[in-house]
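Peer 1: My questions will all concern the structure given below.
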Amino acid sequence: MSDAEHRAGFVSLVGRPNAGKSTLTNALVGQKVAITSAKPQTTRHTIRGIVNREDSQLILVDTPGLHRPRTLLGQRLNDLVADTLAEVDAVGFCLPANEKVGPGDRFIAEQLARLHRKPVIAVVTKTDLVDRAALTQQLLAVQKLGTDVAGADGWADIVPVSASAGIQVDTVAEVFSSHMPVSPVLYPDGELTDEPEAVMVAELVREAALEGVRDELPHSLAVVVEEMNPREGRSEDDPLLDVHVNLYVERPSQKAIIIGKGGARLRDVGTTARRSIEALLGTRIYLDLHVKVAKDWQRDPKQLVKLGF
Ligand SMILES: Nc1nc2c(ncn2[C@@H]2O[C@H](COP(=O)(O)OP(=O)(O)OP(=O)(O)O)[C@@H](O)[C@H]2O)c(=O)[nH]1
């Protein structure tokens with residue numbers, strides 16, 4: 001393969017919460033890098049995975065779910081999405097096959113239509129959940145959405161995929177690749193993710209802390225890893241990592257929810273998070289969690305910056 005034929009570039013997957021972005025990222029990359037869950041809005045940070053193919057390299061930027069801004073945080077998230085999209089070579093717009101195209105999808109489609117000359121590929125996800133006839137209907141509905149918002153040209157491409165069942169995953173990679181600029185490899189082989197460990201650790205703690213109480217604490221929880229240090233005096237074959245994490249909520253009542261009766265819930269959160277962090281890092285850790293009240297942090301730009309948004 002001559003360098004002239006190799007393509008490489010950045011792809012961002014967008015779509016409303018639960019559209020299957022993280023699962024598709026994982027299927028494309030072939031390793032768990034993003035965090036999936038049955039609940040919406042777990043992807044808060046930009047998580048990149050890298051797909052190395054024979055004739056192309058795709059760098060996936062998994063952006064937060066676009067949604068209508070409600071609080072400043074929502075606005076920030078949308079700004080973040082817009083900034084990220086300005087940098088990428090193509091956008092994959094994920095729409096689940098098993099849910100009707102709705103106002104949320106239309107809102108995102110309209111935002112995407114404003115990105116001039118950026119190829120937007122409509123990816124119809126979760127095709128394993130519907131039959132052929134329903135899939136055909138959905139492909140037509142998605143195509144129509146494209147021409148509604150972007151005129152006659154519509155989407156750059158439409159691809160159906162089931163990331164869970166592993167159907168058409170390579171086709172998605174191929175379609176994205178065809179929209180990448182001619183370029184040599186941008187990241188050396190073997191580098192699967194450049195997400196800093198601390199961000200992934202914070203994400204795992206956040207996920208554990210929200211389990212079962214997400215309705216009560218929608219956007220009110222921010223997680224910051226204060227320190228990650230190897231414990232001194234441990235032997236090389238039995239290392240231990242000390243991880244100190246602060247969880248910020250808005251109100252004392254929310255602090256009580258996280259901590260639970262007699263601290264029982266926080267202990268469970270710690271156990272769950274510790275297991276997944278140990279699996280991620282491949283080393284034993286001591287996890288120290290502190291819950292703090294940061295009043296109305298969602299509406300305070302200074303706090304947002306401090307908390308890494
Ligand atoms: N049956 C089936 N389920 C899927 C497929 N892809 C994703 N799911 C499920 O759909 C749910 C949401 O998937 P995610 O990948 O977390 O969705 P997301 O778009 O990243 O969600 P947010 O992080 O909330 O924006 C999870 O329960 C997945 O297991 C698929 O191809 N088939």
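In the structure tokens, chains take the letters A, B, ... in the order shown, each chain's residues start at 1, and ligands count up from 1 in the order shown.
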Residues of stretch 185-268 of chain A in alpha helix (DSSP H) according to DSSP, as a list in words?

Peer 2: Glu197, Ala198, Val199, Met200, Val201, Ala202, Glu203, Leu204, Val205, Arg206, Glu207, Ala208, Ala209, Leu210, Pro252, Ser253, Gln254, Lys255, Ala256, Ile257, Ile258, Ile259, Ala264, Arg265, Leu266, Arg267 and Asp268 of chain A

Peer 1: Suppose we keep C-alpha atoms; can you now write the selection as an mmCIF file, in the first residue's frame?

Peer 2:
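Output below, filename selection.cif:
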```cif
data_model
loop_
_atom_site.group_PDB
_atom_site.id
_atom_site.type_symbol
_atom_site.label_atom_id
_atom_site.label_comp_id
_atom_site.auth_asym_id
_atom_site.auth_seq_id
_atom_site.Cartn_x
_atom_site.Cartn_y
_atom_site.Cartn_z
ATOM 1 C CA GLU A 197 -6.493 7.499 33.296
ATOM 2 C CA ALA A 198 -7.841 9.971 35.844
ATOM 3 C CA VAL A 199 -10.744 10.902 33.578
ATOM 4 C CA MET A 200 -11.701 7.262 33.091
ATOM 5 C CA VAL A 201 -11.377 6.615 36.838
ATOM 6 C CA ALA A 202 -13.649 9.601 37.561
ATOM 7 C CA GLU A 203 -16.122 8.302 35.007
ATOM 8 C CA LEU A 204 -16.218 4.863 36.658
ATOM 9 C CA VAL A 205 -16.824 6.400 40.091
ATOM 10 C CA ARG A 206 -19.536 8.653 38.661
ATOM 11 C CA GLU A 207 -21.209 5.677 37.017
ATOM 12 C CA ALA A 208 -21.170 3.671 40.265
ATOM 13 C CA ALA A 209 -22.421 6.637 42.313
ATOM 14 C CA LEU A 210 -25.366 7.275 39.970
ATOM 15 C CA PRO A 252 -26.913 18.381 51.487
ATOM 16 C CA SER A 253 -29.967 16.241 50.625
ATOM 17 C CA GLN A 254 -28.102 14.897 47.604
ATOM 18 C CA LYS A 255 -25.078 14.179 49.742
ATOM 19 C CA ALA A 256 -27.334 12.083 51.981
ATOM 20 C CA ILE A 257 -28.589 10.138 48.951
ATOM 21 C CA ILE A 258 -25.072 9.291 47.817
ATOM 22 C CA ILE A 259 -23.901 8.301 51.286
ATOM 23 C CA ALA A 264 -23.965 1.868 53.454
ATOM 24 C CA ARG A 265 -24.588 3.152 49.960
ATOM 25 C CA LEU A 266 -21.242 4.915 49.674
ATOM 26 C CA ARG A 267 -19.520 1.681 50.699
ATOM 27 C CA ASP A 268 -21.306 -0.143 47.871
#
```

Peer 1: Which residues come within 9 Å of A:Val149, counting only C-alpha atoms, excluding same-chain residues fewer than 4 positions away, as a list in words?

Peer 2: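 My reading of the contact set: Arg106, Ala109, Glu110, Leu112, Ala113, Lys144, Leu145 and Gly154 of chain A.
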
Peer 1: What separation in Å, quoted to one decimal, exists between atom CA of A:Ser22 and atom 19 (O, counted along the ligand's line) of ligand 1?

Peer 2: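 Separation of atom CA of A:Ser22 and atom 19 (O, counted along the ligand's line) of ligand 1: 5.6 Å.
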
Peer 1: I want to know what sits within 12 Å of A:Asp153, based on only C-alpha atoms, with residues of the same chain fewer than 3 positions away left out; could you give that as a list in words?

Peer 2: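 The residues satisfying every condition are Ala113, Arg117, Pro119, Val120, Ile121, Gln143, Lys144, Leu145, Gly146, Thr147, Asp148, Val149, Ala150, Ala156 and Asp157 of chain A.
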
Peer 1: What does the distance from atom CA of A:Gly9 to atom CA of A:Asn52 come to in Å, to one decimal?

Peer 2: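 A separation of 11.1 Å between them.
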
Peer 1: DSSP on the backbone, then: every residue of stretch 57-291 of chain A marked strand (DSSP E), written as a compact mmCIF listing (two decimals) with C-alpha atoms, in the first residue's frame.

Peer 2:
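The resulting file, states.txt, is shown below:
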```
# COMPACT_ATOMS: atom_id res chain seq x y z
CA GLN A 57 -6.92 4.92 10.56
CA LEU A 58 -9.97 6.38 12.30
CA ILE A 59 -9.63 8.36 15.49
CA LEU A 60 -12.98 8.27 17.25
CA VAL A 61 -14.05 11.17 19.39
CA ASP A 62 -17.05 10.17 21.47
CA ALA A 90 -16.66 13.42 9.58
CA VAL A 91 -19.59 13.05 11.93
CA GLY A 92 -21.49 9.81 12.53
CA PHE A 93 -25.06 10.60 13.55
CA CYS A 94 -26.45 7.60 15.46
CA LEU A 95 -30.18 6.88 15.38
CA PRO A 96 -31.55 3.68 16.91
CA VAL A 120 -22.41 13.59 8.15
CA ILE A 121 -22.99 9.85 7.97
CA ALA A 122 -26.31 8.66 9.39
CA VAL A 123 -25.73 5.42 11.32
CA VAL A 124 -28.86 3.45 12.08
CA THR A 125 -27.91 1.49 15.20
CA ASP A 157 -24.11 8.18 3.60
CA ILE A 158 -26.53 6.00 5.54
CA VAL A 159 -25.35 2.75 7.16
CA PRO A 160 -27.27 0.29 9.32
CA ALA A 222 -19.39 15.94 39.45
CA VAL A 223 -16.47 13.65 40.19
CA VAL A 224 -12.88 14.79 40.49
CA VAL A 225 -9.86 12.54 41.02
CA GLU A 226 -7.65 14.44 43.45
CA GLU A 227 -4.72 12.08 43.59
CA MET A 228 -3.50 8.73 42.27
CA ASN A 229 -0.27 7.64 43.92
CA PRO A 230 1.49 4.28 44.27
CA LEU A 240 -1.17 -0.76 45.54
CA LEU A 241 -2.44 2.50 44.14
CA ASP A 242 -4.00 5.08 46.46
CA VAL A 243 -6.84 6.84 44.67
CA HIS A 244 -8.51 9.87 46.28
CA VAL A 245 -11.72 11.02 44.72
CA ASN A 246 -14.11 13.86 45.55
CA LEU A 247 -17.76 13.69 44.59
CA TYR A 248 -19.45 17.09 44.38
CA VAL A 249 -23.19 17.48 44.77
CA ARG A 284 -4.99 -3.23 43.15
CA ILE A 285 -6.18 0.09 44.45
CA TYR A 286 -7.23 1.68 47.71
CA LEU A 287 -10.18 3.93 46.88
CA ASP A 288 -10.93 6.87 49.15
CA LEU A 289 -14.23 8.65 48.38
CA HIS A 290 -15.35 11.98 49.82
CA VAL A 291 -18.73 13.57 49.17
```

Peer 1: What is the atom CA of A:Lys21-atom CA of A:Ile108 distance in Å, reported with one decimal?

Peer 2: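 It comes out at 14.1 Å.
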
Peer 1: Compile the contact shell of A:Gln137 as a VMD selection string: residues with an atom at most 10 Å away, counting only C-alpha atoms, same-chain residues fewer than 5 positions apart removed.

Peer 2: chain A and resid 97 100 132 142 to 143

Peer 1: Produce a file of the selected residues containing C-alpha atoms, as a PDB file, in the first residue's frame.

Peer 2:
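Generated output (selection-v1.pdb):
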```pdb
ATOM      1  CA  ALA A  97     -33.448   1.419  14.490  1.00  0.00           C
ATOM      2  CA  LYS A 100     -39.092   6.494  15.803  1.00  0.00           C
ATOM      3  CA  ARG A 132     -36.238  -6.207   7.815  1.00  0.00           C
ATOM      4  CA  VAL A 142     -33.697   8.748   8.380  1.00  0.00           C
ATOM      5  CA  GLN A 143     -33.070   9.562   4.739  1.00  0.00           C
TER       6      GLN A 143
END
```

Peer 1: Given only C-alpha atoms as the basis, pick out the residue of A:Asp170, A:Asp105, A:Glu54, A:Asp89 nearest to A:Gly30.

Peer 2: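 Result for the nearest residue to A:Gly30: A:Asp170.
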
Peer 1: Point out the residue among A:Ser12, A:Thr283, A:Ser162, A:Asn98 with the least atom-to-atom distance to ligand 1, counting only C-alpha atoms and all ligand atoms.

Peer 2: A:Ser162
